[in-house]
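Read through the structure below, which is laid out as structure tokens, and then see the notes.
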Amino acid sequence: MKGIKNAIAAVKEYLNEDFPFYSDALLSAFVRVNPVFTRPKYADFFWHCGSTIPGWLPNILVESAIAESIGSKTLLTYWKIVKDNEQAENGLLRHARDEAAHAHVFLRLVDLAFPDFVPFEKRHEIDSSLHKIPGNIEKEERRLPEMMLINYLTRINMAELRTLINLHLLAPMFYVLTPDENKEAVSRLLNSLQRDELHHIAYTAELLEIFGRDSGGSLLNVIYKENLYKFELYSTQGLEEAIRAHGGNEFFDLLQVDELCRGGDGNRPPAEQRSSPGSSWSIYWPSIPVDSRPLRPDVSNSPEDQSRVSGSDSITPTHRATPAPL
Ligand SMILES: [Fe+2]
Ligand SMILES: [Fe+2]
């Protein structure tokens with residue numbers, strides 16, 4: 001919870017205003033669910049993976065580039081169907097542009113922090129596949145109902161909180177491993193990511209605050225909690241493979257979720273009902289590389305390499321003591 005409280009404090013400072021309805025909805029949901037990404041052992045697992053799995057850290061950057069691109073596309077789709085809500089539309093459009101830019105930032109980070117990890121051809125292939133937002137974009141005919149918009153904004157908000165926490169867990173590792181001559185540039189890029197993620201939390205918080213105020217707040221509390229249950233299931237599902245492969249017995253308790261997250265039936269939802277990469281969550285647990293080989297353009301079609309460059313995910317994280325670069 002410390003990470004979340006720090007994040008809320010940072011958002012309040014960023015906006016220079018209070019948002020009591022949003023804060024109440026968020027805090028009561030987080031106390032109830034105790035999301036995996038706020039638990040100390042989650043941070044330990046990041047360190048465990050970063051320090052023991054060869055190639056895990058640079059692969060996170062590569063996969064983050066791809067995931068951010070997918071996130072940008074999803075956000076642009078939302079923008080296209082949100083009508084008569086200028087504040088939400090402006091927020092979503094900027095967010096879509098930010099995530100498209102972040103995809104390139106992550107590729108730049110892998111260049112600087114882990115030079116030569118991604119071969120030129122593979123890098124070019126990834127770079128040219130990233131989502132580009134055209135100069136001229138048009139709205140779609142269909143219209144997103146207000147309650148669905150609130151649902152999406154809630155999900156984006158919690159996903160961005162997790163992203164900020166992940167960034168704070170990973171950034172020091174990236175920074176420390178960066179060759180000295182690139183440290184300054186890496187620090188700048190990581191800081192710019194942090195600023196943007198803070199903005200993404202802030203604009204969605206502002207919109208949720210308005211909804212909470214208008215609806216009397218209790219509805220926002222219900223919506224935030226329901227979505228956090230789903231997000232918790234999604235987050236632990238993303239962790240499960242990594243923990244089974246690399247965590248040993250030590251991290252299994254991270255997979256324990258409240259029965260309410262499972263809809264009370266004690267079962268995970270069927271695979272087809274689970275969130276998948278490219279869905280609205282936008283940020284995912286990085287997949288674990290099968291081995292430590294650098295990406296090679298000539299084997300890119302093998303299932304192993306596919307799992308390393310086409311997974312879903314970015315950084316996920318928590319507030320710790322001030323990381324070196326942030
Ligand atoms: Fe991002
Ligand atoms: Fe973001």
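By convention here, the chains of the structure tokens are called A, B, ... in the order presented, each chain's residues are numbered starting at 1, and ligands are numbered starting at 1 in the order presented.
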Please produce, as a Markdown table, a per-residue contact table for chain A versus ligand 1 (criterion: any atom at most 12 Å away, only C-alpha atoms and all ligand atoms considered), showing the nearest atom pair and its distance in Å to one decimal, sorted by chain then residue number.
| residue | atom | partner | partner_atom_place_in_ligand_line | distance |
| --- | --- | --- | --- | --- |
| A:Leu61 | CA | ligand 1 | 1 (Fe) | 11.5 |
| A:Ser64 | CA | ligand 1 | 1 (Fe) | 8.3 |
| A:Ala65 | CA | ligand 1 | 1 (Fe) | 8.9 |
| A:Ile66 | CA | ligand 1 | 1 (Fe) | 10.8 |
| A:Ala67 | CA | ligand 1 | 1 (Fe) | 8.8 |
| A:Glu68 | CA | ligand 1 | 1 (Fe) | 5.8 |
| A:Ser69 | CA | ligand 1 | 1 (Fe) | 9.0 |
| A:Ile70 | CA | ligand 1 | 1 (Fe) | 10.6 |
| A:Gly71 | CA | ligand 1 | 1 (Fe) | 8.2 |
| A:Ser72 | CA | ligand 1 | 1 (Fe) | 8.6 |
| A:Leu75 | CA | ligand 1 | 1 (Fe) | 11.4 |
| A:Arg94 | CA | ligand 1 | 1 (Fe) | 11.4 |
| A:His95 | CA | ligand 1 | 1 (Fe) | 8.4 |
| A:Ala96 | CA | ligand 1 | 1 (Fe) | 9.1 |
| A:Arg97 | CA | ligand 1 | 1 (Fe) | 9.7 |
| A:Asp98 | CA | ligand 1 | 1 (Fe) | 6.6 |
| A:Glu99 | CA | ligand 1 | 1 (Fe) | 4.7 |
| A:Ala100 | CA | ligand 1 | 1 (Fe) | 8.0 |
| A:Ala101 | CA | ligand 1 | 1 (Fe) | 8.2 |
| A:His102 | CA | ligand 1 | 1 (Fe) | 5.3 |
| A:Ala103 | CA | ligand 1 | 1 (Fe) | 7.5 |
| A:His104 | CA | ligand 1 | 1 (Fe) | 10.3 |
| A:Val105 | CA | ligand 1 | 1 (Fe) | 9.2 |
| A:Phe106 | CA | ligand 1 | 1 (Fe) | 9.1 |
| A:Ile156 | CA | ligand 1 | 1 (Fe) | 11.2 |
| A:Ala159 | CA | ligand 1 | 1 (Fe) | 10.3 |
| A:Glu160 | CA | ligand 1 | 1 (Fe) | 8.0 |
| A:Leu161 | CA | ligand 1 | 1 (Fe) | 11.1 |
| A:Arg162 | CA | ligand 1 | 1 (Fe) | 11.1 |
| A:Thr163 | CA | ligand 1 | 1 (Fe) | 7.7 |
| A:Leu164 | CA | ligand 1 | 1 (Fe) | 9.1 |
| A:Asn166 | CA | ligand 1 | 1 (Fe) | 11.2 |
| A:Leu167 | CA | ligand 1 | 1 (Fe) | 9.8 |
| A:Leu189 | CA | ligand 1 | 1 (Fe) | 11.7 |
| A:Leu190 | CA | ligand 1 | 1 (Fe) | 10.8 |
| A:Asn191 | CA | ligand 1 | 1 (Fe) | 12.0 |
| A:Ser192 | CA | ligand 1 | 1 (Fe) | 10.0 |
| A:Leu193 | CA | ligand 1 | 1 (Fe) | 6.7 |
| A:Gln194 | CA | ligand 1 | 1 (Fe) | 8.7 |
| A:Arg195 | CA | ligand 1 | 1 (Fe) | 10.0 |
| A:Asp196 | CA | ligand 1 | 1 (Fe) | 7.2 |
| A:Glu197 | CA | ligand 1 | 1 (Fe) | 6.2 |
| A:Leu198 | CA | ligand 1 | 1 (Fe) | 10.0 |
| A:His199 | CA | ligand 1 | 1 (Fe) | 10.4 |
| A:His200 | CA | ligand 1 | 1 (Fe) | 8.6 |
| A:Ile201 | CA | ligand 1 | 1 (Fe) | 11.0 |
| A:Trp281 | CA | ligand 1 | 1 (Fe) | 11.5 |
| A:Ser282 | CA | ligand 1 | 1 (Fe) | 8.6 |
| A:Ile283 | CA | ligand 1 | 1 (Fe) | 8.0 |
| A:Tyr284 | CA | ligand 1 | 1 (Fe) | 11.2 |
| A:Asp313 | CA | ligand 1 | 1 (Fe) | 10.5 |
| A:Ser314 | CA | ligand 1 | 1 (Fe) | 8.3 |
| A:Ile315 | CA | ligand 1 | 1 (Fe) | 8.8 |
| A:Thr316 | CA | ligand 1 | 1 (Fe) | 10.6 |
Have a look at CA of His131 in chain A and CA of Thr77 in chain A and let me know their distance in Å, one decimal.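 Atom-to-atom, CA of His131 in chain A and CA of Thr77 in chain A are spaced 12.3 Å apart.
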Could you check which of A:Leu220, A:Ile165, A:Ile137, A:Met147 is closest to ligand 2, using only C-alpha atoms and all ligand atoms?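 When distances to ligand 2 are compared using only C-alpha atoms and all ligand atoms, the smallest one comes from A:Ile165.
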Find the residues near Asp253 in chain A: any atom within 10 Å, counting only C-alpha atoms, skip ones fewer than 3 places away on the same chain, and give them as a ChimeraX atom specification. /A:36,41,243,249-250,256-257
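The list of residues with at least one atom within 12 Å of Leu254 in chain A, based on only C-alpha atoms and without residues fewer than 6 positions apart in the same chain, reads Asn34, Pro35, Val36, Phe37, Thr38, Arg39, Pro40, Lys41, Tyr42, Ala43, Asp44, Phe45, Glu232, Leu233, Ser235, Thr236, Gln237, Gly238, Leu239, Glu240, Ala242, Ile243, Arg244, Gly247 and Gly248 of chain A.
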What does the distance between CA of Ile8 in chain A and CA of Ala202 in chain A come to in Å, to one decimal place?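 Taking CA of Ile8 in chain A and CA of Ala202 in chain A, their separation equals 8.9 Å.
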